[in-house]
$ cat start_18.cif   # mmCIF, C-alpha atoms and all ligand atoms
data_entry
#
loop_
_atom_site.label_atom_id
_atom_site.label_comp_id
_atom_site.auth_asym_id
_atom_site.auth_seq_id
_atom_site.Cartn_x
_atom_site.Cartn_y
_atom_site.Cartn_z
CA MET A 1 5.08 -15.28 -16.59
CA THR A 2 3.69 -12.53 -18.78
CA ILE A 3 5.92 -9.75 -20.01
CA GLN A 4 4.01 -7.31 -17.77
CA ASN A 5 4.86 -9.43 -14.69
CA LEU A 6 8.53 -9.21 -15.55
CA LEU A 7 8.79 -5.75 -14.04
CA GLN A 8 7.98 -6.93 -10.50
CA ASN A 9 9.72 -10.28 -10.74
CA LYS A 10 13.32 -9.33 -10.05
CA GLU A 11 14.34 -12.97 -9.89
CA ARG A 12 14.58 -12.76 -13.67
CA ARG A 13 17.89 -10.92 -13.66
CA PHE A 14 18.63 -11.71 -17.30
CA VAL A 15 16.33 -10.81 -20.15
CA LEU A 16 17.19 -11.73 -23.73
CA VAL A 17 15.34 -10.46 -26.75
CA GLY A 18 15.79 -12.60 -29.85
CA GLY A 19 14.54 -12.39 -33.42
CA LYS A 20 15.38 -11.45 -36.99
CA GLY A 21 17.15 -8.19 -37.84
CA GLY A 22 14.83 -5.20 -38.14
CA VAL A 23 11.87 -6.58 -36.18
CA GLY A 24 12.63 -4.24 -33.28
CA LYS A 25 14.92 -6.16 -30.91
CA SER A 26 16.95 -3.08 -29.97
CA SER A 27 13.83 -0.94 -29.52
CA ILE A 28 12.09 -3.60 -27.42
CA SER A 29 15.10 -4.46 -25.26
CA SER A 30 15.91 -0.76 -24.72
CA SER A 31 12.29 -0.01 -23.76
CA ILE A 32 12.29 -2.84 -21.25
CA ALA A 33 15.57 -1.54 -19.81
CA VAL A 34 14.14 1.98 -19.52
CA LYS A 35 11.08 0.67 -17.68
CA PHE A 36 13.17 -1.31 -15.19
CA ALA A 37 15.34 1.75 -14.56
CA GLN A 38 12.30 3.99 -14.08
CA ASN A 39 11.14 1.45 -11.53
CA GLY A 40 14.31 2.02 -9.49
CA GLN A 41 16.15 -1.12 -10.61
CA PRO A 42 19.82 -0.60 -11.57
CA THR A 43 19.85 -1.93 -15.12
CA LEU A 44 22.52 -2.66 -17.71
CA ILE A 45 21.68 -3.27 -21.34
CA ILE A 46 24.35 -5.02 -23.40
CA SER A 47 24.60 -5.50 -27.14
CA THR A 48 26.94 -8.07 -28.63
CA ASP A 49 25.39 -7.68 -32.07
CA PRO A 50 28.15 -6.51 -34.47
CA ALA A 51 25.46 -4.44 -36.23
CA HIS A 52 24.97 -2.30 -33.14
CA SER A 53 21.97 -0.07 -32.83
CA LEU A 54 21.84 0.69 -29.10
CA SER A 55 23.65 3.97 -29.73
CA ASP A 56 20.88 4.82 -32.21
CA SER A 57 18.10 3.74 -29.87
CA PHE A 58 19.45 5.90 -27.03
CA ASP A 59 20.87 8.58 -29.31
CA GLN A 60 24.14 8.42 -27.39
CA ASN A 61 27.58 6.93 -28.15
CA LEU A 62 27.77 3.60 -26.36
CA ASN A 63 30.38 1.81 -28.44
CA GLN A 64 33.08 1.69 -25.76
CA SER A 65 32.88 -1.84 -24.36
CA ILE A 66 32.28 -0.42 -20.87
CA PRO A 67 28.96 0.49 -19.25
CA VAL A 68 28.04 4.09 -20.12
CA LYS A 69 25.52 5.93 -17.98
CA ILE A 70 22.47 6.93 -20.01
CA ASN A 71 21.76 10.67 -19.86
CA ASN A 72 18.63 12.08 -18.23
CA ILE A 73 17.53 8.89 -16.50
CA ASP A 74 18.64 7.26 -13.25
CA ASN A 75 19.66 3.60 -12.87
CA LEU A 76 20.41 2.95 -16.53
CA TRP A 77 23.69 1.96 -18.18
CA ALA A 78 24.33 0.56 -21.64
CA MET A 79 27.24 -0.92 -23.50
CA GLU A 80 27.98 -2.12 -26.95
CA ILE A 81 30.75 -4.69 -27.09
CA ARG A 82 33.20 -4.05 -29.87
CA PRO A 83 33.97 -7.41 -31.48
CA GLU A 84 37.72 -6.89 -31.01
CA ASP A 85 37.19 -6.38 -27.27
CA ALA A 86 35.06 -9.48 -27.01
CA GLY A 87 37.80 -11.57 -28.58
CA GLY A 88 35.08 -11.94 -31.19
CA ASP A 89 37.39 -13.79 -33.48
CA PHE A 90 38.18 -17.04 -31.78
CA LYS A 91 41.35 -17.60 -33.77
CA SER A 92 42.91 -14.44 -32.42
CA LEU A 93 41.64 -15.33 -28.96
CA ALA A 94 43.40 -18.65 -29.20
CA GLY A 95 46.50 -16.84 -30.47
CA LEU A 96 46.34 -18.82 -33.66
CA ASP A 97 46.35 -16.10 -36.26
CA ASP A 98 49.26 -13.90 -35.27
CA ASN A 99 51.65 -15.70 -37.53
CA GLU A 100 49.84 -17.65 -40.22
CA GLU A 101 52.98 -18.72 -42.02
CA GLY A 102 54.70 -19.86 -38.86
CA ILE A 103 51.62 -21.78 -37.86
CA ASP A 104 51.39 -23.51 -41.22
CA GLN A 105 55.01 -24.57 -40.88
CA MET A 106 54.45 -25.74 -37.36
CA MET A 107 51.37 -27.68 -38.47
CA SER A 108 53.24 -29.53 -41.16
CA SER A 109 56.13 -30.25 -38.80
CA LEU A 110 53.66 -31.59 -36.27
CA SER A 111 51.96 -33.73 -38.90
CA SER A 112 55.25 -35.15 -40.03
CA LEU A 113 56.07 -35.91 -36.41
CA GLY A 114 52.93 -38.00 -36.25
CA PHE A 115 50.42 -35.59 -34.75
CA ASP A 116 47.75 -36.46 -37.29
CA GLU A 117 44.74 -34.78 -35.77
CA VAL A 118 46.21 -31.34 -36.42
CA GLY A 119 44.82 -31.57 -39.94
CA ASP A 120 42.62 -28.70 -40.99
CA LEU A 121 41.20 -28.04 -37.56
CA LEU A 122 41.52 -24.31 -37.98
CA ASP A 123 39.56 -24.32 -41.21
CA THR A 124 36.71 -26.32 -39.76
CA ALA A 125 35.68 -23.89 -37.03
CA PRO A 126 31.95 -24.45 -36.58
CA PRO A 127 29.57 -21.62 -37.63
CA GLY A 128 28.39 -19.45 -34.77
CA ILE A 129 31.68 -19.79 -32.86
CA ASP A 130 32.52 -16.08 -32.93
CA GLU A 131 29.18 -15.15 -31.38
CA ALA A 132 29.47 -17.91 -28.80
CA VAL A 133 32.92 -16.59 -27.90
CA ALA A 134 31.58 -13.02 -27.61
CA LEU A 135 28.81 -14.17 -25.25
CA ALA A 136 31.28 -16.19 -23.24
CA LYS A 137 33.55 -13.17 -22.86
CA VAL A 138 30.64 -11.00 -21.75
CA ILE A 139 29.74 -13.58 -19.11
CA GLN A 140 33.32 -13.51 -17.86
CA PHE A 141 33.10 -9.85 -16.97
CA ILE A 142 29.49 -9.56 -15.84
CA ASP A 143 30.34 -12.25 -13.32
CA SER A 144 32.78 -9.85 -11.66
CA ASP A 145 32.04 -7.78 -8.52
CA GLU A 146 31.92 -4.57 -10.50
CA TYR A 147 28.71 -5.71 -12.18
CA ALA A 148 27.07 -7.16 -9.09
CA HIS A 149 25.03 -4.01 -8.43
CA PHE A 150 23.07 -4.40 -11.67
CA GLU A 151 19.79 -5.96 -10.66
CA ARG A 152 18.83 -6.43 -14.29
CA ILE A 153 20.93 -7.30 -17.29
CA ILE A 154 19.24 -7.13 -20.67
CA PHE A 155 20.82 -8.61 -23.77
CA ASP A 156 20.13 -7.01 -27.10
CA THR A 157 21.53 -9.85 -29.11
CA ALA A 158 20.21 -12.34 -31.57
CA PRO A 159 21.92 -15.64 -31.02
CA THR A 160 21.57 -17.57 -34.26
CA GLY A 161 20.51 -21.19 -34.32
CA HIS A 162 24.15 -22.10 -34.83
CA THR A 163 25.26 -20.24 -31.71
CA LEU A 164 22.50 -21.75 -29.60
CA ARG A 165 23.46 -25.21 -30.73
CA LEU A 166 27.12 -24.62 -29.99
CA LEU A 167 26.36 -23.38 -26.52
CA SER A 168 24.11 -26.25 -25.68
CA LEU A 169 26.15 -29.08 -27.11
CA PRO A 170 28.39 -30.50 -24.41
CA ASP A 171 30.04 -32.50 -27.19
CA PHE A 172 31.15 -29.29 -28.79
CA LEU A 173 32.94 -28.13 -25.68
CA ASP A 174 34.76 -31.37 -25.24
CA GLY A 175 35.11 -31.94 -28.94
CA PHE A 176 36.21 -28.90 -30.84
CA LEU A 177 37.71 -26.89 -28.00
CA GLY A 178 39.22 -30.04 -26.56
CA LYS A 179 40.96 -30.75 -29.86
CA LEU A 180 42.09 -27.17 -30.08
CA LEU A 181 43.57 -27.45 -26.60
CA LYS A 182 45.43 -30.64 -27.46
CA VAL A 183 46.84 -29.09 -30.59
CA ARG A 184 47.96 -26.05 -28.64
CA VAL A 185 49.66 -28.16 -25.99
CA LYS A 186 51.50 -30.14 -28.63
CA MET A 187 52.43 -26.98 -30.47
CA SER A 188 53.79 -25.31 -27.35
CA ASN A 189 55.66 -28.43 -26.33
CA ALA A 190 57.14 -28.80 -29.79
CA MET A 191 57.85 -25.10 -29.86
CA ALA A 192 59.60 -25.27 -26.47
CA GLY A 193 61.55 -28.29 -27.70
CA PHE A 194 62.73 -26.47 -30.82
CA LYS A 195 63.56 -23.37 -28.85
CA SER A 196 65.58 -25.21 -26.23
CA LEU A 197 67.43 -27.06 -29.00
CA LEU A 198 68.36 -23.67 -30.36
CA GLY A 199 69.28 -22.49 -26.86
CA MET A 200 66.41 -19.97 -26.75
CA ASN A 201 64.22 -19.30 -23.76
CA SER A 202 60.64 -20.26 -24.45
CA GLU A 203 58.03 -17.75 -23.39
CA ARG A 204 55.22 -18.87 -21.15
CA ASP A 205 52.18 -19.76 -23.24
CA ASN A 206 48.88 -18.91 -21.52
CA THR A 207 46.64 -20.07 -24.36
CA LEU A 208 45.73 -23.14 -22.37
CA GLU A 209 44.35 -21.03 -19.56
CA VAL A 210 42.55 -18.73 -22.00
CA LEU A 211 40.84 -21.67 -23.68
CA GLU A 212 40.02 -23.38 -20.38
CA ASN A 213 38.41 -20.12 -19.18
CA LEU A 214 36.50 -19.89 -22.42
CA LYS A 215 35.21 -23.43 -22.05
CA GLU A 216 34.08 -22.67 -18.53
CA SER A 217 32.40 -19.43 -19.62
CA MET A 218 30.53 -21.19 -22.40
CA ARG A 219 29.27 -23.67 -19.84
CA ILE A 220 28.07 -20.75 -17.70
CA VAL A 221 26.35 -19.10 -20.69
CA ARG A 222 24.60 -22.38 -21.45
CA GLU A 223 23.38 -22.70 -17.89
CA LEU A 224 22.33 -19.09 -17.76
CA PHE A 225 20.29 -19.43 -20.96
CA ARG A 226 18.58 -22.52 -19.57
CA ASN A 227 17.96 -21.24 -16.05
CA GLN A 228 14.21 -20.76 -15.80
CA GLN A 229 14.46 -18.81 -12.55
CA THR A 230 16.94 -16.17 -13.62
CA THR A 231 16.42 -15.91 -17.34
CA GLU A 232 13.61 -14.82 -19.62
CA PHE A 233 14.00 -15.20 -23.37
CA ILE A 234 11.55 -13.13 -25.40
CA ILE A 235 10.96 -13.72 -29.10
CA ALA A 236 10.39 -10.55 -31.11
CA THR A 237 8.57 -10.76 -34.42
CA ILE A 238 6.40 -8.72 -36.81
CA PRO A 239 3.11 -9.79 -38.46
CA THR A 240 4.56 -10.93 -41.79
CA ILE A 241 4.65 -14.54 -42.93
CA MET A 242 8.41 -14.42 -43.40
CA SER A 243 9.02 -13.21 -39.89
CA ILE A 244 6.47 -15.62 -38.40
CA ASN A 245 8.11 -18.60 -40.10
CA GLU A 246 11.49 -17.50 -38.82
CA SER A 247 10.09 -17.11 -35.29
CA GLU A 248 8.60 -20.59 -35.47
CA ARG A 249 12.03 -21.99 -36.33
CA LEU A 250 13.62 -20.03 -33.49
CA ALA A 251 10.96 -21.25 -31.03
CA ASP A 252 11.56 -24.87 -32.14
CA GLN A 253 15.29 -24.46 -31.75
CA LEU A 254 14.94 -22.95 -28.28
CA ARG A 255 12.63 -25.79 -27.25
CA ILE A 256 15.19 -28.36 -28.42
CA GLU A 257 17.90 -26.57 -26.46
CA GLU A 258 15.60 -26.53 -23.41
CA ILE A 259 15.58 -22.73 -23.26
CA GLN A 260 12.22 -21.59 -21.90
CA VAL A 261 10.21 -19.00 -23.81
CA HIS A 262 6.89 -17.71 -22.51
CA ASN A 263 6.53 -14.44 -24.39
CA ILE A 264 6.28 -13.32 -27.96
CA VAL A 265 6.19 -9.63 -28.82
CA VAL A 266 4.52 -8.87 -32.13
CA ASN A 267 5.88 -5.50 -33.11
CA GLN A 268 4.86 -2.99 -35.78
CA VAL A 269 1.16 -3.81 -35.76
CA MET A 270 -0.77 -1.31 -37.89
CA PRO A 271 -3.47 0.53 -35.96
CA GLU A 272 -6.94 0.49 -37.51
CA ASN A 273 -7.32 3.57 -39.67
CA ILE A 274 -10.30 4.22 -41.85
CA ASP A 275 -8.88 7.45 -43.28
CA CYS A 276 -5.82 5.91 -44.88
CA LYS A 277 -6.44 3.35 -47.60
CA PHE A 278 -2.85 2.06 -47.56
CA CYS A 279 -2.99 1.64 -43.78
CA SER A 280 -6.29 -0.17 -43.75
CA VAL A 281 -5.15 -2.56 -46.50
CA ARG A 282 -1.95 -3.26 -44.56
CA ALA A 283 -3.94 -3.64 -41.33
CA LYS A 284 -6.27 -6.19 -43.00
CA GLY A 285 -3.33 -8.29 -44.23
CA GLN A 286 -1.74 -8.12 -40.80
CA LYS A 287 -5.01 -9.17 -39.12
CA GLU A 288 -4.85 -12.55 -40.90
CA ASN A 289 -1.23 -12.96 -39.91
CA LEU A 290 -2.02 -12.03 -36.32
CA ASP A 291 -4.73 -14.70 -36.21
CA TYR A 292 -2.18 -17.16 -37.57
CA ILE A 293 0.35 -16.13 -34.88
CA LYS A 294 -2.24 -16.64 -32.15
CA LYS A 295 -3.02 -20.13 -33.41
CA LEU A 296 0.61 -21.07 -34.00
CA PHE A 297 1.83 -19.78 -30.63
CA SER A 298 -1.24 -20.61 -28.55
CA ASN A 299 0.98 -21.75 -25.68
CA TYR A 300 2.75 -18.40 -25.39
CA HIS A 301 1.76 -14.99 -24.06
CA ILE A 302 1.46 -12.65 -27.01
CA THR A 303 1.91 -8.88 -26.66
CA GLU A 304 1.18 -6.64 -29.61
CA VAL A 305 2.96 -3.32 -30.08
CA GLU A 306 1.62 -0.90 -32.64
CA TYR A 307 3.50 0.64 -35.50
CA PHE A 308 4.19 4.19 -34.35
CA ASP A 309 4.32 7.15 -36.68
CA THR A 310 7.82 8.01 -35.45
CA GLU A 311 11.09 6.16 -35.22
CA ILE A 312 11.92 4.72 -31.80
CA ARG A 313 14.86 6.93 -30.99
CA GLY A 314 15.75 8.67 -27.75
CA LEU A 315 14.41 8.34 -24.23
CA ASP A 316 10.94 9.77 -24.82
CA SER A 317 10.01 7.32 -27.54
CA LEU A 318 11.52 4.43 -25.57
CA LYS A 319 9.38 5.41 -22.57
CA MET A 320 6.33 5.52 -24.80
CA MET A 321 7.10 2.08 -26.26
CA ALA A 322 7.75 0.73 -22.74
CA THR A 323 4.24 1.78 -21.69
CA HIS A 324 2.77 -0.14 -24.61
CA LEU A 325 4.86 -3.18 -23.76
CA LEU A 326 4.77 -3.30 -19.97
CA GLY A 327 1.90 -1.02 -19.02
CA ASN A 328 2.03 2.13 -16.91
N1 LIG B 1 6.74 -0.23 -33.14
C1 LIG B 1 7.51 0.52 -33.93
N2 LIG B 1 6.99 1.62 -34.56
C2 LIG B 1 7.76 2.39 -35.36
N3 LIG B 1 9.05 2.16 -35.63
C3 LIG B 1 9.62 1.07 -35.03
C4 LIG B 1 8.90 0.20 -34.16
N4 LIG B 1 9.74 -0.76 -33.73
C5 LIG B 1 10.93 -0.51 -34.30
N5 LIG B 1 10.89 0.59 -35.09
C6 LIG B 1 11.96 1.14 -35.92
O1 LIG B 1 12.38 0.11 -36.81
C7 LIG B 1 13.78 0.13 -36.99
C8 LIG B 1 14.38 -1.22 -36.58
O2 LIG B 1 14.20 -1.42 -35.19
P1 LIG B 1 15.35 -2.03 -34.26
O3 LIG B 1 14.84 -1.99 -32.88
O4 LIG B 1 16.63 -1.36 -34.54
O5 LIG B 1 15.37 -3.54 -34.81
P2 LIG B 1 16.46 -4.71 -34.61
O6 LIG B 1 17.25 -4.37 -33.39
O7 LIG B 1 15.63 -5.96 -34.46
O8 LIG B 1 17.26 -4.75 -35.85
C9 LIG B 1 14.31 1.30 -36.16
O9 LIG B 1 14.43 2.41 -37.00
C10 LIG B 1 13.21 1.52 -35.14
O10 LIG B 1 13.16 2.86 -34.71
MG MG B 2 19.35 -4.08 -33.20
#

$ encode --input "start_18.cif" --output "structure tokens"
Amino acid sequence: MTIQNLLQNKERRFVLVGGKGGVGKSSISSSIAVKFAQNGQPTLIISTDPAHSLSDSFDQNLNQSIPVKINNIDNLWAMEIRPEDAGGDFKSLAGLDDNEEGIDQMMSSLSSLGFDEVGDLLDTAPPGIDEAVALAKVIQFIDSDEYAHFERIIFDTAPTGHTLRLLSLPDFLDGFLGKLLKVRVKMSNAMAGFKSLLGMNSERDNTLEVLENLKESMRIVRELFRNQQTTEFIIATIPTIMSINESERLADQLRIEEIQVHNIVVNQVMPENIDCKFCSVRAKGQKENLDYIKKLFSNYHITEVEYFDTEIRGLDSLKMMATHLLGN
């Protein structure tokens, strides 16, 4: 499926744009969203990237963790997820950081009672967990009825290699989260025991449910990422060796995780210009890199987008970029 075919193929409800910071992920994903909306498809673009730039791309405040209607265009909503709303920090989500001292005490009591695996579990949280949690939380609410009318959901997010691995490792779900669950159960049981000894009522602990839901959501994210019918993952890059090497690593990682990629967008390609020496020197250097990209990614559809003389900001420039990306 080429990127141009994406517009008509509504089966691909989810579109993800991945790549290094600064290559144009927000501009590309926003342009695609604008094009879908112009085509009459109710579209929601979501950013889970803590370094949000959707508000900049649309020149509108979108940092409210709820879909905000984009001005002056029909069918388009956008939202930036604030990390605190996404439960971005898994420790707070698991209710494990509200009382560090108390938890330390509880840990040592548990260890002395023979619960050895408690150990330093909290300090060994795998990298990428916060982002995986954020994605899982997003999935929890876009699964709800309220979001059912969005025919297209575009993710402006760059899952790192770590996050991808976490999401696709069944062992992780049953390993790390499983251990966390066990520890929580033991802690609440011990806590309840202590409290009843002291004649206190123990409050109901819903951490178990929260973590079970999270596990389930991560499984859904994993399936969504891998679903070739509903999901299109686009790699964004620019014609520099550094960015190409990074894209190659990302493509390898996605292949290992069985996430299909058909399209690579090469952004910021210098137009030929004989009047500007700087531009023509840059363009020549890029030409070699573009040839390299074509050889390296010969199995992918490659779409080039030129380097415009203005920033991609506001609806007009997004529409212009969309035309370059997806045609008229
Ligand atoms: N093809 C392009 N031509 C000109 N400026 C661009 C182009 N693509 C992106 N930009 C600009 O480059 C900057 C980074 O783009 P952005 O989409 O925010 O990247 P990312 O989301 O990957 O960090 C922004 O200022 C954007 O307006
Ligand atoms: Mg961005």

$ atom_distance --input "start_18.cif" --atom1 "CA of His52 in chain A" --atom2 "CA of Ile312 in chain A"
14.9 Å

$ residues_near_ligand --input "start_18.cif" --ligand "ligand LIG 1 (chain B)" --cutoff "7 Å" --atoms "only C-alpha atoms and all ligand atoms" --output "list in words"
Gly19, Lys20, Gly21, Gly22, Val23, Gly24, Lys25, Ser26, Ser27, Ile28, Ser53, Ser57, Asn267, Gln268, Val305, Glu306, Tyr307, Phe308, Asp309, Thr310, Glu311, Ile312 and Arg313 of chain A

$ residues_around --input "start_18.cif" --residues "Gln38 in chain A" --least-positions-apart "2" --cutoff "9 Å" --atoms "only C-alpha atoms" --output "PDB file with C-alpha atoms, in the coordinates of the input"
ATOM      1  CA  ALA A  33      15.570  -1.540 -19.810  1.00  0.00           C
ATOM      2  CA  VAL A  34      14.140   1.980 -19.520  1.00  0.00           C
ATOM      3  CA  LYS A  35      11.080   0.670 -17.680  1.00  0.00           C
ATOM      4  CA  PHE A  36      13.170  -1.310 -15.190  1.00  0.00           C
ATOM      5  CA  GLY A  40      14.310   2.020  -9.490  1.00  0.00           C
ATOM      6  CA  GLN A  41      16.150  -1.120 -10.610  1.00  0.00           C
ATOM      7  CA  ILE A  73      17.530   8.890 -16.500  1.00  0.00           C
ATOM      8  CA  ASP A  74      18.640   7.260 -13.250  1.00  0.00           C
ATOM      9  CA  ASN A  75      19.660   3.600 -12.870  1.00  0.00           C
ATOM     10  CA  LEU A  76      20.410   2.950 -16.530  1.00  0.00           C
TER      11      LEU A  76
END

$ closest_residue --input "start_18.cif" --among "A:Leu290, A:Leu135, A:Leu214, A:Leu16" --to "Ile259 in chain A" --atoms "only C-alpha atoms"
A:Leu16

$ closest_residue --input "start_18.cif" --among "A:Leu318, A:Ile153, A:Ile235, A:Ala51" --to "ligand MG 2 (chain B)" --atoms "all atoms listed in the file"
A:Ala51

$ residues_around --input "start_18.cif" --residues "Phe141 in chain A" --least-positions-apart "3" --cutoff "12 Å" --atoms "all atoms listed in the file" --output "MDAnalysis selection string"
chainID A and resid 46 65:67 81 85:86 134:138 144:148 213:214 217

$ atom_distance --input "start_18.cif" --atom1 "CA of Ser317 in chain A" --atom2 "CA of Thr2 in chain A"
22.6 Å

$ atom_distance --input "start_18.cif" --atom1 "CA of Ile45 in chain A" --atom2 "CA of Phe155 in chain A"
5.9 Å

$ closest_residue --input "start_18.cif" --among "A:Asp291, A:Asp156, A:Leu7, A:Arg13" --to "ligand MG 2 (chain B)" --atoms "all atoms listed in the file"
A:Asp156

$ closest_residue --input "start_18.cif" --among "A:Ile293, A:Leu325, A:Leu54, A:Cys276" --to "Glu246 in chain A" --atoms "only C-alpha atoms"
A:Ile293

$ residues_near_point --input "start_18.cif" --point "(22.6, 11.1, -21.6)" --cutoff "12 Å" --atoms "only C-alpha atoms" --output "PDB file with C-alpha atoms, in the coordinates of the input"
ATOM      1  CA  SER A  55      23.650   3.970 -29.730  1.00  0.00           C
ATOM      2  CA  SER A  57      18.100   3.740 -29.870  1.00  0.00           C
ATOM      3  CA  PHE A  58      19.450   5.900 -27.030  1.00  0.00           C
ATOM      4  CA  ASP A  59      20.870   8.580 -29.310  1.00  0.00           C
ATOM      5  CA  GLN A  60      24.140   8.420 -27.390  1.00  0.00           C
ATOM      6  CA  ASN A  61      27.580   6.930 -28.150  1.00  0.00           C
ATOM      7  CA  LEU A  62      27.770   3.600 -26.360  1.00  0.00           C
ATOM      8  CA  VAL A  68      28.040   4.090 -20.120  1.00  0.00           C
ATOM      9  CA  LYS A  69      25.520   5.930 -17.980  1.00  0.00           C
ATOM     10  CA  ILE A  70      22.470   6.930 -20.010  1.00  0.00           C
ATOM     11  CA  ASN A  71      21.760  10.670 -19.860  1.00  0.00           C
ATOM     12  CA  ASN A  72      18.630  12.080 -18.230  1.00  0.00           C
ATOM     13  CA  ILE A  73      17.530   8.890 -16.500  1.00  0.00           C
ATOM     14  CA  ASP A  74      18.640   7.260 -13.250  1.00  0.00           C
ATOM     15  CA  ASN A  75      19.660   3.600 -12.870  1.00  0.00           C
ATOM     16  CA  LEU A  76      20.410   2.950 -16.530  1.00  0.00           C
ATOM     17  CA  TRP A  77      23.690   1.960 -18.180  1.00  0.00           C
ATOM     18  CA  ALA A  78      24.330   0.560 -21.640  1.00  0.00           C
ATOM     19  CA  GLY A 314      15.750   8.670 -27.750  1.00  0.00           C
ATOM     20  CA  LEU A 315      14.410   8.340 -24.230  1.00  0.00           C
TER      21      LEU A 315
END

$ residues_around --input "start_18.cif" --residues "Phe14 in chain A" --least-positions-apart "6" --cutoff "9 Å" --atoms "only C-alpha atoms" --output "ChimeraX atom specification"
/A:151-155,224-225,230-233

$ closest_residue --input "start_18.cif" --among "A:Ala251, A:Ala236, A:Val265, A:Ile139" --to "ligand MG 2 (chain B)" --atoms "all atoms listed in the file"
A:Ala236

$ build_atoms --input "start_18.cif" --residues "range 42-54 of chain A" --atoms "N, CA and C atoms" --output "PDB file, keeping the file's coordinate frame"
ATOM      1  N   PRO A  42      18.592  -0.842 -10.801  1.00  0.00           N
ATOM      2  CA  PRO A  42      19.820  -0.600 -11.570  1.00  0.00           C
ATOM      3  C   PRO A  42      19.929  -1.598 -12.724  1.00  0.00           C
ATOM      4  N   THR A  43      19.975  -1.082 -13.931  1.00  0.00           N
ATOM      5  CA  THR A  43      19.850  -1.930 -15.120  1.00  0.00           C
ATOM      6  C   THR A  43      20.992  -1.673 -16.096  1.00  0.00           C
ATOM      7  N   LEU A  44      21.488  -2.755 -16.672  1.00  0.00           N
ATOM      8  CA  LEU A  44      22.520  -2.660 -17.710  1.00  0.00           C
ATOM      9  C   LEU A  44      21.995  -3.339 -18.962  1.00  0.00           C
ATOM     10  N   ILE A  45      22.041  -2.630 -20.073  1.00  0.00           N
ATOM     11  CA  ILE A  45      21.680  -3.270 -21.340  1.00  0.00           C
ATOM     12  C   ILE A  45      22.949  -3.449 -22.160  1.00  0.00           C
ATOM     13  N   ILE A  46      23.121  -4.665 -22.686  1.00  0.00           N
ATOM     14  CA  ILE A  46      24.350  -5.020 -23.400  1.00  0.00           C
ATOM     15  C   ILE A  46      24.016  -5.467 -24.811  1.00  0.00           C
ATOM     16  N   SER A  47      24.759  -4.972 -25.780  1.00  0.00           N
ATOM     17  CA  SER A  47      24.600  -5.500 -27.140  1.00  0.00           C
ATOM     18  C   SER A  47      25.895  -6.151 -27.591  1.00  0.00           C
ATOM     19  N   THR A  48      25.779  -7.391 -28.048  1.00  0.00           N
ATOM     20  CA  THR A  48      26.940  -8.070 -28.630  1.00  0.00           C
ATOM     21  C   THR A  48      26.780  -8.192 -30.141  1.00  0.00           C
ATOM     22  N   ASP A  49      25.669  -7.639 -30.642  1.00  0.00           N
ATOM     23  CA  ASP A  49      25.390  -7.680 -32.070  1.00  0.00           C
ATOM     24  C   ASP A  49      26.407  -6.789 -32.802  1.00  0.00           C
ATOM     25  N   PRO A  50      27.169  -7.359 -33.773  1.00  0.00           N
ATOM     26  CA  PRO A  50      28.150  -6.510 -34.470  1.00  0.00           C
ATOM     27  C   PRO A  50      27.470  -5.349 -35.203  1.00  0.00           C
ATOM     28  N   ALA A  51      26.207  -5.545 -35.616  1.00  0.00           N
ATOM     29  CA  ALA A  51      25.460  -4.440 -36.230  1.00  0.00           C
ATOM     30  C   ALA A  51      24.739  -3.680 -35.123  1.00  0.00           C
ATOM     31  N   HIS A  52      25.525  -2.938 -34.336  1.00  0.00           N
ATOM     32  CA  HIS A  52      24.970  -2.300 -33.140  1.00  0.00           C
ATOM     33  C   HIS A  52      23.912  -1.274 -33.478  1.00  0.00           C
ATOM     34  N   SER A  53      22.874  -1.202 -32.670  1.00  0.00           N
ATOM     35  CA  SER A  53      21.970  -0.070 -32.830  1.00  0.00           C
ATOM     36  C   SER A  53      21.541   0.526 -31.504  1.00  0.00           C
ATOM     37  N   LEU A  54      22.182   0.097 -30.401  1.00  0.00           N
ATOM     38  CA  LEU A  54      21.840   0.690 -29.100  1.00  0.00           C
ATOM     39  C   LEU A  54      22.144   2.183 -29.082  1.00  0.00           C
TER      40      LEU A  54
END
